[in-house]
file query_16.cif (mmCIF, C-alpha atoms and all ligand atoms)
data_query
#
loop_
_atom_site.label_atom_id
_atom_site.label_comp_id
_atom_site.auth_asym_id
_atom_site.auth_seq_id
_atom_site.Cartn_x
_atom_site.Cartn_y
_atom_site.Cartn_z
CA MET A 1 152.10 127.34 82.99
CA LYS A 2 151.30 125.72 86.33
CA LYS A 3 147.99 127.53 86.36
CA LEU A 4 147.14 126.26 82.86
CA LEU A 5 148.05 122.69 83.86
CA CYS A 6 145.84 122.95 86.92
CA VAL A 7 142.89 124.17 84.83
CA LEU A 8 143.42 121.36 82.31
CA LEU A 9 143.57 118.71 85.07
CA THR A 10 140.44 120.08 86.69
CA ALA A 11 138.61 120.07 83.36
CA THR A 12 139.75 116.49 82.70
CA VAL A 13 138.43 115.32 86.05
CA LEU A 14 135.10 117.06 85.48
CA LEU A 15 134.78 115.46 82.05
CA LEU A 16 135.40 111.89 83.26
CA PRO A 17 132.28 109.77 82.78
CA VAL A 18 130.31 109.16 85.95
CA GLU A 19 129.69 105.46 86.40
CA ALA A 20 126.01 104.58 86.48
CA VAL A 21 124.85 103.67 89.95
CA ASP A 22 121.30 102.63 89.08
CA GLU A 23 120.06 99.56 90.89
CA PRO A 24 118.59 96.76 88.76
CA LYS A 25 114.88 96.72 88.14
CA TYR A 26 113.05 93.41 88.06
CA ILE A 27 110.14 92.29 85.90
CA ALA A 28 108.53 89.00 84.90
CA LEU A 29 107.43 87.93 81.45
CA THR A 30 104.47 85.53 81.48
CA PHE A 31 103.12 83.56 78.53
CA ASP A 32 99.57 82.21 78.50
CA ASP A 33 97.68 79.60 76.47
CA GLY A 34 100.62 77.52 75.24
CA PRO A 35 102.62 75.60 74.68
CA SER A 36 102.60 75.96 70.92
CA GLY A 37 104.84 74.00 68.58
CA TYR A 38 107.60 75.89 66.74
CA LEU A 39 106.48 79.24 68.19
CA THR A 40 107.22 78.19 71.77
CA ALA A 41 110.40 76.48 70.55
CA ASP A 42 111.52 79.74 68.91
CA LEU A 43 110.66 81.63 72.07
CA LEU A 44 112.66 79.19 74.20
CA ASP A 45 115.63 79.58 71.84
CA GLY A 46 115.42 83.37 72.14
CA LEU A 47 115.09 83.28 75.92
CA ALA A 48 118.10 80.96 76.20
CA GLU A 49 120.20 83.24 73.98
CA ARG A 50 119.38 86.13 76.29
CA GLY A 51 119.76 84.23 79.56
CA VAL A 52 116.16 84.93 80.55
CA HIS A 53 113.73 82.74 82.47
CA ALA A 54 110.00 83.33 82.07
CA THR A 55 106.78 81.94 83.52
CA PHE A 56 104.45 79.89 81.33
CA PHE A 57 100.78 79.47 82.23
CA ILE A 58 99.97 76.28 80.41
CA CYS A 59 96.71 74.64 79.31
CA GLY A 60 96.20 70.89 79.62
CA TYR A 61 94.84 70.48 76.10
CA ARG A 62 97.98 72.12 74.72
CA VAL A 63 100.14 69.72 76.72
CA ASP A 64 98.31 66.89 74.92
CA GLN A 65 99.46 68.39 71.61
CA PHE A 66 102.99 69.39 72.63
CA PRO A 67 104.24 67.25 75.51
CA GLU A 68 107.90 67.58 74.41
CA ILE A 69 107.72 71.35 74.41
CA THR A 70 106.15 71.26 77.87
CA ALA A 71 109.05 69.12 79.05
CA ARG A 72 111.53 71.49 77.41
CA ILE A 73 110.03 74.52 79.19
CA ALA A 74 110.65 72.86 82.54
CA ALA A 75 114.05 71.42 81.59
CA GLU A 76 115.34 74.88 80.62
CA GLY A 77 114.51 76.34 84.00
CA HIS A 78 111.35 78.28 83.25
CA GLU A 79 108.50 78.41 85.70
CA ILE A 80 105.23 76.64 84.97
CA GLY A 81 101.80 77.71 86.16
CA VAL A 82 98.44 76.12 85.39
CA HIS A 83 95.95 77.89 83.09
CA GLY A 84 93.14 75.33 83.06
CA ASP A 85 92.71 72.18 81.03
CA THR A 86 90.35 73.28 78.26
CA HIS A 87 90.65 77.07 78.63
CA THR A 88 86.92 77.23 79.35
CA MET A 89 86.16 80.38 81.33
CA PHE A 90 85.77 79.54 84.98
CA SER A 91 82.81 81.92 85.11
CA GLN A 92 80.93 79.40 82.94
CA MET A 93 81.76 76.41 85.15
CA SER A 94 80.57 75.18 88.52
CA PRO A 95 83.09 75.03 91.40
CA ILE A 96 83.36 71.25 90.98
CA GLU A 97 83.94 71.60 87.23
CA VAL A 98 86.68 74.17 87.83
CA CYS A 99 88.26 71.89 90.38
CA ASP A 100 88.23 68.94 88.00
CA ASP A 101 89.50 71.08 85.11
CA LEU A 102 92.47 72.28 87.17
CA SER A 103 93.12 68.80 88.47
CA GLU A 104 93.25 67.39 84.93
CA ALA A 105 95.54 70.17 83.70
CA MET A 106 97.93 69.66 86.58
CA ARG A 107 98.04 65.91 86.00
CA LYS A 108 98.95 66.46 82.34
CA ILE A 109 101.63 69.05 83.14
CA GLU A 110 103.16 66.81 85.79
CA GLU A 111 103.19 63.79 83.48
CA ALA A 112 104.78 65.72 80.61
CA SER A 113 107.30 67.80 82.54
CA GLY A 114 107.76 66.18 85.93
CA VAL A 115 106.93 69.55 87.48
CA THR A 116 103.97 70.39 89.69
CA PRO A 117 102.67 73.88 88.90
CA THR A 118 102.81 76.17 91.90
CA LEU A 119 100.98 79.13 90.37
CA LEU A 120 97.55 79.55 88.81
CA ARG A 121 96.11 81.97 86.28
CA PRO A 122 92.41 81.68 85.39
CA PRO A 123 91.64 81.43 81.65
CA GLY A 124 90.42 84.40 79.68
CA GLY A 125 91.43 87.18 81.97
CA ILE A 126 88.24 86.84 84.00
CA TYR A 127 89.14 87.00 87.62
CA ASP A 128 86.34 88.40 89.74
CA LEU A 129 85.88 87.18 93.26
CA GLU A 130 83.36 84.51 92.26
CA VAL A 131 85.83 83.04 89.77
CA LEU A 132 88.66 83.11 92.25
CA LYS A 133 86.54 81.35 94.87
CA LYS A 134 86.09 78.46 92.44
CA THR A 135 89.85 77.92 92.29
CA VAL A 136 90.20 77.42 96.02
CA CYS A 137 90.57 73.64 95.70
CA ALA A 138 93.92 74.17 93.98
CA ASP A 139 95.14 76.24 96.94
CA LEU A 140 97.60 78.09 94.69
CA PRO A 141 98.61 81.76 94.44
CA VAL A 142 96.57 83.38 91.65
CA ILE A 143 98.91 85.41 89.45
CA LEU A 144 97.28 88.09 87.36
CA TRP A 145 99.26 90.86 85.63
CA SER A 146 99.98 94.57 85.60
CA VAL A 147 100.90 95.09 81.93
CA ASP A 148 98.59 93.85 79.16
CA VAL A 149 98.87 95.32 75.66
CA GLU A 150 96.49 92.72 74.16
CA ASP A 151 99.14 91.09 72.00
CA TRP A 152 96.76 88.23 71.15
CA HIS A 153 94.89 90.27 68.53
CA ARG A 154 97.79 92.34 67.19
CA SER A 155 100.35 91.54 64.52
CA ASN A 156 102.98 94.30 64.67
CA SER A 157 105.73 93.22 67.05
CA ASP A 158 107.38 96.67 67.06
CA GLU A 159 104.13 98.28 68.24
CA ILE A 160 103.53 95.61 70.87
CA CYS A 161 107.08 96.08 72.13
CA ALA A 162 106.76 99.89 72.18
CA ASP A 163 103.52 99.75 74.16
CA ILE A 164 105.06 97.45 76.77
CA VAL A 165 108.18 99.59 77.10
CA LYS A 166 105.98 102.68 77.52
CA GLN A 167 104.04 101.14 80.43
CA VAL A 168 106.54 99.01 82.28
CA GLN A 169 107.69 99.69 85.84
CA ASN A 170 109.89 97.93 88.32
CA GLY A 171 108.03 94.88 89.68
CA ASP A 172 105.58 94.47 86.79
CA VAL A 173 104.13 91.18 85.59
CA ILE A 174 103.78 91.34 81.79
CA LEU A 175 101.08 89.31 80.03
CA LEU A 176 101.88 87.83 76.62
CA HIS A 177 100.85 84.72 74.69
CA ASP A 178 103.16 82.26 72.92
CA MET A 179 100.50 81.74 70.27
CA LYS A 180 101.53 84.24 67.58
CA GLU A 181 104.83 85.00 65.88
CA SER A 182 104.34 88.71 66.53
CA SER A 183 104.02 88.06 70.27
CA VAL A 184 107.17 85.94 70.37
CA ASN A 185 109.12 88.54 68.36
CA ALA A 186 107.77 91.33 70.56
CA ALA A 187 108.81 89.50 73.72
CA LEU A 188 112.39 89.14 72.48
CA LYS A 189 112.49 92.80 71.42
CA VAL A 190 111.19 93.83 74.83
CA ILE A 191 113.97 91.85 76.48
CA ASP A 192 116.66 93.42 74.29
CA ARG A 193 115.33 96.92 74.89
CA LEU A 194 114.66 96.64 78.62
CA GLN A 195 117.86 94.75 79.44
CA SER A 196 119.76 97.70 78.00
CA ASP A 197 117.66 99.95 80.27
CA GLY A 198 118.78 98.00 83.35
CA TYR A 199 115.84 95.63 83.74
CA VAL A 200 116.46 92.08 84.90
CA PHE A 201 113.94 89.45 83.80
CA VAL A 202 112.99 86.87 86.41
CA THR A 203 110.22 84.35 86.95
CA VAL A 204 107.10 85.34 88.89
CA SER A 205 108.23 83.42 91.97
CA GLU A 206 111.64 85.09 91.85
CA LEU A 207 109.99 88.48 91.43
CA ALA A 208 107.84 87.81 94.49
CA ARG A 209 110.86 86.72 96.53
CA LEU A 210 112.92 89.74 95.46
CA SER A 211 110.09 92.07 96.47
CA GLY A 212 109.85 90.42 99.88
CA THR A 213 106.48 88.82 99.13
CA GLU A 214 105.67 85.35 100.39
CA LEU A 215 103.24 83.90 97.88
CA ALA A 216 100.16 82.38 99.52
CA GLY A 217 97.40 80.15 98.21
CA ASN A 218 94.02 81.68 97.40
CA THR A 219 95.56 85.12 97.13
CA ALA A 220 95.61 87.23 93.97
CA TYR A 221 98.71 89.14 92.89
CA TYR A 222 98.98 91.68 90.09
CA ALA A 223 102.50 93.05 90.49
CA PHE A 224 105.31 93.10 93.01
CA ARG A 225 106.25 96.69 93.68
CA PHE A 226 109.70 97.57 94.85
CA ALA A 227 110.88 100.57 96.72
CA LYS A 228 112.60 103.03 94.42
CA ASN A 229 115.94 101.67 93.27
CA ALA A 230 115.38 98.35 94.99
CA SER A 231 118.33 96.02 94.88
CA ILE A 232 118.53 92.28 95.20
CA SER A 233 119.26 92.69 98.90
CA ASP A 234 116.43 95.12 99.44
CA LEU A 235 113.74 92.74 100.59
CA GLU A 236 111.80 95.23 102.63
CA ALA A 237 110.13 96.86 99.67
CA GLU A 238 106.43 97.41 99.70
CA THR A 239 104.15 95.15 97.71
CA GLU A 240 100.94 96.18 96.03
CA PRO A 241 98.24 95.52 95.23
CA CYS A 242 97.70 92.20 96.91
CA ALA A 243 94.12 91.16 97.47
CA LYS A 244 93.60 88.71 100.27
CA LEU A 245 90.44 86.92 99.36
CA PRO A 246 87.88 85.91 101.96
CA LEU A 247 87.71 82.34 100.72
CA PRO A 248 86.31 79.22 102.34
CA PRO A 249 88.78 76.47 103.35
CA PRO A 250 89.93 74.09 100.60
CA ARG A 251 87.84 71.02 100.02
CA PRO A 252 88.95 67.68 98.60
CA CYS A 253 88.88 67.30 94.85
CA ARG A 254 89.66 64.34 92.69
CA SER A 255 93.03 62.91 91.59
CA VAL A 256 96.01 65.27 92.00
CA LEU A 257 94.21 67.86 94.03
CA ARG A 258 92.76 65.21 96.33
CA GLN A 259 96.26 63.86 96.96
CA ARG A 260 97.60 67.32 97.62
CA THR A 261 94.87 68.06 100.13
CA LYS A 262 95.23 64.67 101.80
CA SER A 263 98.98 64.95 102.16
CA ARG A 264 98.61 68.13 104.18
CA ARG A 265 96.29 66.56 106.74
CA SER A 266 97.42 64.82 109.88
CA PRO A 267 96.52 61.07 110.06
CA SER A 268 93.72 61.76 112.55
CA GLU A 269 92.09 64.21 110.15
CA ARG A 270 92.05 61.86 107.19
CA PRO A 271 88.73 60.38 106.20
CA THR A 272 88.35 56.64 106.82
CA ALA A 273 86.58 55.94 103.53
ZN ZN A 301 94.36 82.33 78.36
#

call {"tool": "encode", "arguments": {"input": "query_16.cif", "output": "structure tokens"}}
result
Amino acid sequence: MKKLLCVLLTATVLLLPVEAVDEPKYIALTFDDGPSGYLTADLLDGLAERGVHATFFICGYRVDQFPEITARIAAEGHEIGVHGDTHTMFSQMSPIEVCDDLSEAMRKIEEASGVTPTLLRPPGGIYDLEVLKKTVCADLPVILWSVDVEDWHRSNSDEICADIVKQVQNGDVILLHDMKESSVNAALKVIDRLQSDGYVFVTVSELARLSGTELAGNTAYYAFRFAKNASISDLEAETEPCAKLPLPPPRPCRSVLRQRTKSRRSPSERPTA
């Protein structure tokens, strides 16, 4: 009898569920080209319900159309980056035009939301070295992405979601657009699916910090790789790829950017006229 009891106890212990010890994995959702009206509002509702903060790369001309939504994005704790004023490709503009375009977009975002964007993403996904050199006046980290399933021309949110889930890794920056209902629905499905898989959604700046990366101006970032099973306290993880661009020093530009440049100079360096 004792022997039987011992066997039963042993079997019971062996059958006890083993508690999962997986460390959290971190990723950032980014939304380009907005804000939109009800679509961005729906997205913000869905993010709030799920306790998720995202990063929005906003265009100045969209702020003109939806200043309240821009303010709401900031008020609800999401991160704001600048995505140009008119969404004209920087490859088609001179350095001065790019500078002025960014300056105008930043002024509009600041006026609408009270927040100064600290990240930049060039319009249209064109980001060769020549384009990036033109953004030097903004002196902002250039945030690209590591997962792009081209949601902007697709309409099936289940397929968009499945493609993202298939590709995603710890430390990824996911590109989406808050311009189509299918993109918004896909984003919320991705959150529901990946949260249950142990992913934690953070803003781009938080993702950088968690990976031990200090974001620097005039530097392009695609993703923030963590060591395997990185935890929130594991700040020594490797980061890749991170292209340090051989860019010229920033030069003054008009309005906001001029003020930003000026404020960083010592009094003796400031121009007299
Ligand atoms: Zn865009």

call {"tool": "atom_distance", "arguments": {"input": "query_16.cif", "atom1": "atom CA of Ala208 of chain A", "atom2": "atom CA of Phe224 of chain A"}}
result
6.0 Å

call {"tool": "residues_near_ligand", "arguments": {"input": "query_16.cif", "ligand": "ligand ZN 301 (chain A)", "cutoff": "8 Å", "atoms": "only C-alpha atoms and all ligand atoms", "output": "list in words"}}
result
Asp32, Asp33, His83, His87, Pro122, Pro123, Gly124, Gly125 and His177 of chain A

call {"tool": "residues_around", "arguments": {"input": "query_16.cif", "residues": "segment 200-203 of chain A", "least_positions_apart": "3", "cutoff": "7 Å", "atoms": "only C-alpha atoms", "output": "list in words"}}
result
Pro24, Lys25, Tyr26, Ile27, Ala28, Val52, His53, Ala54, Thr55, Glu79, Gln195, Glu206 and Leu207 of chain A

call {"tool": "write_last_selection", "arguments": {"input": "query_16.cif", "atoms": "C-alpha atoms", "output": "PDB file, in the frame of the given file"}}
result
ATOM      1  CA  PRO A  24     118.590  96.760  88.760  1.00  0.00           C
ATOM      2  CA  LYS A  25     114.880  96.720  88.140  1.00  0.00           C
ATOM      3  CA  TYR A  26     113.050  93.410  88.060  1.00  0.00           C
ATOM      4  CA  ILE A  27     110.140  92.290  85.900  1.00  0.00           C
ATOM      5  CA  ALA A  28     108.530  89.000  84.900  1.00  0.00           C
ATOM      6  CA  VAL A  52     116.160  84.930  80.550  1.00  0.00           C
ATOM      7  CA  HIS A  53     113.730  82.740  82.470  1.00  0.00           C
ATOM      8  CA  ALA A  54     110.000  83.330  82.070  1.00  0.00           C
ATOM      9  CA  THR A  55     106.780  81.940  83.520  1.00  0.00           C
ATOM     10  CA  GLU A  79     108.500  78.410  85.700  1.00  0.00           C
ATOM     11  CA  GLN A 195     117.860  94.750  79.440  1.00  0.00           C
ATOM     12  CA  GLU A 206     111.640  85.090  91.850  1.00  0.00           C
ATOM     13  CA  LEU A 207     109.990  88.480  91.430  1.00  0.00           C
TER      14      LEU A 207
END

call {"tool": "residues_near_point", "arguments": {"input": "query_16.cif", "point": "(104.2, 87.5, 74.3)", "cutoff": "10 Å", "atoms": "all atoms listed in the file", "output": "list in words"}}
result
Leu29, Thr30, Phe31, Asp32, Leu43, Asp148, Val149, Glu150, Asp151, Trp152, Ser157, Ile160, Cys161, Ile174, Leu175, Leu176, His177, Asp178, Met179, Lys180, Glu181, Ser182, Ser183, Val184, Asn185, Ala186, Ala187, Leu188 and Val190 of chain A

call {"tool": "write_last_selection", "arguments": {"input": "query_16.cif", "atoms": "C-alpha atoms", "output": "JSON list (two decimals), in the frame of the given file"}}
result
[["chain", "number", "residue", "atom", "x", "y", "z"],
["A", 29, "LEU", "CA", 107.43, 87.93, 81.45],
["A", 30, "THR", "CA", 104.47, 85.53, 81.48],
["A", 31, "PHE", "CA", 103.12, 83.56, 78.53],
["A", 32, "ASP", "CA", 99.57, 82.21, 78.50],
["A", 43, "LEU", "CA", 110.66, 81.63, 72.07],
["A", 148, "ASP", "CA", 98.59, 93.85, 79.16],
["A", 149, "VAL", "CA", 98.87, 95.32, 75.66],
["A", 150, "GLU", "CA", 96.49, 92.72, 74.16],
["A", 151, "ASP", "CA", 99.14, 91.09, 72.00],
["A", 152, "TRP", "CA", 96.76, 88.23, 71.15],
["A", 157, "SER", "CA", 105.73, 93.22, 67.05],
["A", 160, "ILE", "CA", 103.53, 95.61, 70.87],
["A", 161, "CYS", "CA", 107.08, 96.08, 72.13],
["A", 174, "ILE", "CA", 103.78, 91.34, 81.79],
["A", 175, "LEU", "CA", 101.08, 89.31, 80.03],
["A", 176, "LEU", "CA", 101.88, 87.83, 76.62],
["A", 177, "HIS", "CA", 100.85, 84.72, 74.69],
["A", 178, "ASP", "CA", 103.16, 82.26, 72.92],
["A", 179, "MET", "CA", 100.50, 81.74, 70.27],
["A", 180, "LYS", "CA", 101.53, 84.24, 67.58],
["A", 181, "GLU", "CA", 104.83, 85.00, 65.88],
["A", 182, "SER", "CA", 104.34, 88.71, 66.53],
["A", 183, "SER", "CA", 104.02, 88.06, 70.27],
["A", 184, "VAL", "CA", 107.17, 85.94, 70.37],
["A", 185, "ASN", "CA", 109.12, 88.54, 68.36],
["A", 186, "ALA", "CA", 107.77, 91.33, 70.56],
["A", 187, "ALA", "CA", 108.81, 89.50, 73.72],
["A", 188, "LEU", "CA", 112.39, 89.14, 72.48],
["A", 190, "VAL", "CA", 111.19, 93.83, 74.83]]

call {"tool": "closest_residue", "arguments": {"input": "query_16.cif", "among": "A:Arg121, A:Arg193, A:Arg209, A:Lys134", "to": "Cys59 of chain A", "atoms": "all atoms listed in the file"}}
result
A:Arg121

call {"tool": "atom_distance", "arguments": {"input": "query_16.cif", "atom1": "atom CA of Thr135 of chain A", "atom2": "atom CA of Leu120 of chain A"}}
result
8.6 Å

call {"tool": "atom_distance", "arguments": {"input": "query_16.cif", "atom1": "atom CA of Ala71 of chain A", "atom2": "atom CA of Ile58 of chain A"}}
result
11.6 Å

call {"tool": "closest_residue", "arguments": {"input": "query_16.cif", "among": "A:Ala75, A:Ile69, A:Val204, A:Ala162", "to": "Gly114 of chain A", "atoms": "only C-alpha atoms"}}
result
A:Ala75

call {"tool": "axis_aligned_box", "arguments": {"input": "query_16.cif", "around": "segment 166-182 of chain A", "padding_each_side": "3 Å", "output": "JSON"}}
result
{"center_x": 105.2, "center_y": 92.2, "center_z": 77.8, "size_x": 15.4, "size_y": 26.9, "size_z": 29.8}

call {"tool": "residues_around", "arguments": {"input": "query_16.cif", "residues": "Val142 of chain A", "least_positions_apart": "3", "cutoff": "12 Å", "atoms": "only C-alpha atoms", "output": "MDAnalysis selection string"}}
result
chainID A and resid 57 81:83 117:123 125:129 131:136 138:139 145 204:205 215:223 242:245

call {"tool": "write_last_selection", "arguments": {"input": "query_16.cif", "atoms": "C-alpha atoms", "output": "CSV table (one decimal), keeping the file's coordinate frame"}}
result
chain,number,residue,atom,x,y,z
A,57,PHE,CA,100.8,79.5,82.2
A,81,GLY,CA,101.8,77.7,86.2
A,82,VAL,CA,98.4,76.1,85.4
A,83,HIS,CA,96.0,77.9,83.1
A,117,PRO,CA,102.7,73.9,88.9
A,118,THR,CA,102.8,76.2,91.9
A,119,LEU,CA,101.0,79.1,90.4
A,120,LEU,CA,97.6,79.6,88.8
A,121,ARG,CA,96.1,82.0,86.3
A,122,PRO,CA,92.4,81.7,85.4
A,123,PRO,CA,91.6,81.4,81.6
A,125,GLY,CA,91.4,87.2,82.0
A,126,ILE,CA,88.2,86.8,84.0
A,127,TYR,CA,89.1,87.0,87.6
A,128,ASP,CA,86.3,88.4,89.7
A,129,LEU,CA,85.9,87.2,93.3
A,131,VAL,CA,85.8,83.0,89.8
A,132,LEU,CA,88.7,83.1,92.2
A,133,LYS,CA,86.5,81.4,94.9
A,134,LYS,CA,86.1,78.5,92.4
A,135,THR,CA,89.8,77.9,92.3
A,136,VAL,CA,90.2,77.4,96.0
A,138,ALA,CA,93.9,74.2,94.0
A,139,ASP,CA,95.1,76.2,96.9
A,145,TRP,CA,99.3,90.9,85.6
A,204,VAL,CA,107.1,85.3,88.9
A,205,SER,CA,108.2,83.4,92.0
A,215,LEU,CA,103.2,83.9,97.9
A,216,ALA,CA,100.2,82.4,99.5
A,217,GLY,CA,97.4,80.2,98.2
A,218,ASN,CA,94.0,81.7,97.4
A,219,THR,CA,95.6,85.1,97.1
A,220,ALA,CA,95.6,87.2,94.0
A,221,TYR,CA,98.7,89.1,92.9
A,222,TYR,CA,99.0,91.7,90.1
A,223,ALA,CA,102.5,93.0,90.5
A,242,CYS,CA,97.7,92.2,96.9
A,243,ALA,CA,94.1,91.2,97.5
A,244,LYS,CA,93.6,88.7,100.3
A,245,LEU,CA,90.4,86.9,99.4

call {"tool": "closest_residue", "arguments": {"input": "query_16.cif", "among": "A:Cys137, A:Leu39, A:Ala112, A:Ile80", "to": "Ile96 of chain A", "atoms": "all atoms listed in the file"}}
result
A:Cys137

call {"tool": "closest_residue", "arguments": {"input": "query_16.cif", "among": "A:Asp100, A:Glu68, A:Asp197, A:Glu49", "to": "Ser113 of chain A", "atoms": "all atoms listed in the file"}}
result
A:Glu68

call {"tool": "closest_residue", "arguments": {"input": "query_16.cif", "among": "A:Glu76, A:Asp101, A:Asp45, A:Glu214", "to": "Thr88 of chain A", "atoms": "all atoms listed in the file"}}
result
A:Asp101

call {"tool": "decode", "arguments": {"input": "query_16.cif", "residues": "segment 122-196 of chain A", "atoms": "C-alpha atoms", "output": "PDB file, in the first residue's frame"}}
result
ATOM      1  CA  PRO A 122      11.337  59.999 -43.893  1.00  0.00           C
ATOM      2  CA  PRO A 123       8.191  59.801 -46.067  1.00  0.00           C
ATOM      3  CA  GLY A 124       7.649  56.991 -48.516  1.00  0.00           C
ATOM      4  CA  GLY A 125      10.083  54.472 -47.182  1.00  0.00           C
ATOM      5  CA  ILE A 126      12.941  56.020 -49.138  1.00  0.00           C
ATOM      6  CA  TYR A 127      15.911  56.235 -46.883  1.00  0.00           C
ATOM      7  CA  ASP A 128      19.178  56.036 -48.766  1.00  0.00           C
ATOM      8  CA  LEU A 129      22.174  57.927 -47.505  1.00  0.00           C
ATOM      9  CA  GLU A 130      21.472  60.975 -49.678  1.00  0.00           C
ATOM     10  CA  VAL A 131      17.967  61.256 -48.223  1.00  0.00           C
ATOM     11  CA  LEU A 132      19.200  60.843 -44.688  1.00  0.00           C
ATOM     12  CA  LYS A 133      21.837  63.536 -45.185  1.00  0.00           C
ATOM     13  CA  LYS A 134      19.053  65.975 -46.052  1.00  0.00           C
ATOM     14  CA  THR A 135      17.434  65.429 -42.657  1.00  0.00           C
ATOM     15  CA  VAL A 136      20.525  66.447 -40.720  1.00  0.00           C
ATOM     16  CA  CYS A 137      19.096  69.865 -39.817  1.00  0.00           C
ATOM     17  CA  ALA A 138      16.501  68.159 -37.635  1.00  0.00           C
ATOM     18  CA  ASP A 139      19.265  66.369 -35.708  1.00  0.00           C
ATOM     19  CA  LEU A 140      16.872  63.559 -34.779  1.00  0.00           C
ATOM     20  CA  PRO A 141      17.260  59.764 -34.658  1.00  0.00           C
ATOM     21  CA  VAL A 142      15.914  58.312 -37.925  1.00  0.00           C
ATOM     22  CA  ILE A 143      13.649  55.380 -37.111  1.00  0.00           C
ATOM     23  CA  LEU A 144      13.067  52.926 -39.922  1.00  0.00           C
ATOM     24  CA  TRP A 145      11.544  49.471 -39.368  1.00  0.00           C
ATOM     25  CA  SER A 146      12.241  45.759 -39.421  1.00  0.00           C
ATOM     26  CA  VAL A 147       8.763  44.387 -40.204  1.00  0.00           C
ATOM     27  CA  ASP A 148       6.777  45.722 -43.172  1.00  0.00           C
ATOM     28  CA  VAL A 149       3.932  43.657 -44.631  1.00  0.00           C
ATOM     29  CA  GLU A 150       2.745  46.508 -46.892  1.00  0.00           C
ATOM     30  CA  ASP A 151      -0.567  46.952 -45.116  1.00  0.00           C
ATOM     31  CA  TRP A 152      -1.235  50.172 -47.061  1.00  0.00           C
ATOM     32  CA  HIS A 153      -2.383  48.309 -50.178  1.00  0.00           C
ATOM     33  CA  ARG A 154      -4.063  45.326 -48.518  1.00  0.00           C
ATOM     34  CA  SER A 155      -7.583  44.919 -47.180  1.00  0.00           C
ATOM     35  CA  ASN A 156      -7.655  41.612 -45.285  1.00  0.00           C
ATOM     36  CA  SER A 157      -6.787  42.290 -41.648  1.00  0.00           C
ATOM     37  CA  ASP A 158      -6.448  38.571 -40.813  1.00  0.00           C
ATOM     38  CA  GLU A 159      -3.810  38.141 -43.522  1.00  0.00           C
ATOM     39  CA  ILE A 160      -1.945  41.287 -42.484  1.00  0.00           C
ATOM     40  CA  CYS A 161      -1.962  40.075 -38.886  1.00  0.00           C
ATOM     41  CA  ALA A 162      -0.796  36.569 -39.858  1.00  0.00           C
ATOM     42  CA  ASP A 163       2.103  37.928 -41.917  1.00  0.00           C
ATOM     43  CA  ILE A 164       3.284  40.131 -39.046  1.00  0.00           C
ATOM     44  CA  VAL A 165       3.029  37.302 -36.520  1.00  0.00           C
ATOM     45  CA  LYS A 166       5.013  35.060 -38.877  1.00  0.00           C
ATOM     46  CA  GLN A 167       7.904  37.538 -39.135  1.00  0.00           C
ATOM     47  CA  VAL A 168       8.099  39.188 -35.752  1.00  0.00           C
ATOM     48  CA  GLN A 169      11.065  38.833 -33.390  1.00  0.00           C
ATOM     49  CA  ASN A 170      12.036  40.325 -30.077  1.00  0.00           C
ATOM     50  CA  GLY A 171      13.106  43.954 -30.622  1.00  0.00           C
ATOM     51  CA  ASP A 172      11.283  44.519 -33.912  1.00  0.00           C
ATOM     52  CA  VAL A 173       9.858  47.820 -35.096  1.00  0.00           C
ATOM     53  CA  ILE A 174       6.619  47.119 -36.995  1.00  0.00           C
ATOM     54  CA  LEU A 175       5.465  49.476 -39.753  1.00  0.00           C
ATOM     55  CA  LEU A 176       1.732  50.081 -40.170  1.00  0.00           C
ATOM     56  CA  HIS A 177      -0.456  52.977 -41.305  1.00  0.00           C
ATOM     57  CA  ASP A 178      -3.511  54.365 -39.510  1.00  0.00           C
ATOM     58  CA  MET A 179      -5.079  55.134 -42.877  1.00  0.00           C
ATOM     59  CA  LYS A 180      -7.195  52.028 -43.520  1.00  0.00           C
ATOM     60  CA  GLU A 181      -9.690  50.120 -41.413  1.00  0.00           C
ATOM     61  CA  SER A 182      -7.953  46.845 -42.270  1.00  0.00           C
ATOM     62  CA  SER A 183      -4.656  48.195 -40.905  1.00  0.00           C
ATOM     63  CA  VAL A 184      -6.254  49.348 -37.657  1.00  0.00           C
ATOM     64  CA  ASN A 185      -8.062  46.010 -37.215  1.00  0.00           C
ATOM     65  CA  ALA A 186      -4.871  44.118 -38.043  1.00  0.00           C
ATOM     66  CA  ALA A 187      -2.893  46.103 -35.471  1.00  0.00           C
ATOM     67  CA  LEU A 188      -5.383  45.250 -32.720  1.00  0.00           C
ATOM     68  CA  LYS A 189      -5.397  41.578 -33.745  1.00  0.00           C
ATOM     69  CA  VAL A 190      -1.602  41.545 -33.699  1.00  0.00           C
ATOM     70  CA  ILE A 191      -1.634  42.933 -30.170  1.00  0.00           C
ATOM     71  CA  ASP A 192      -4.147  40.342 -28.955  1.00  0.00           C
ATOM     72  CA  ARG A 193      -2.208  37.494 -30.545  1.00  0.00           C
ATOM     73  CA  LEU A 194       1.299  38.575 -29.562  1.00  0.00           C
ATOM     74  CA  GLN A 195       0.391  39.630 -26.015  1.00  0.00           C
ATOM     75  CA  SER A 196      -0.794  36.070 -25.452  1.00  0.00           C
TER      76      SER A 196
END
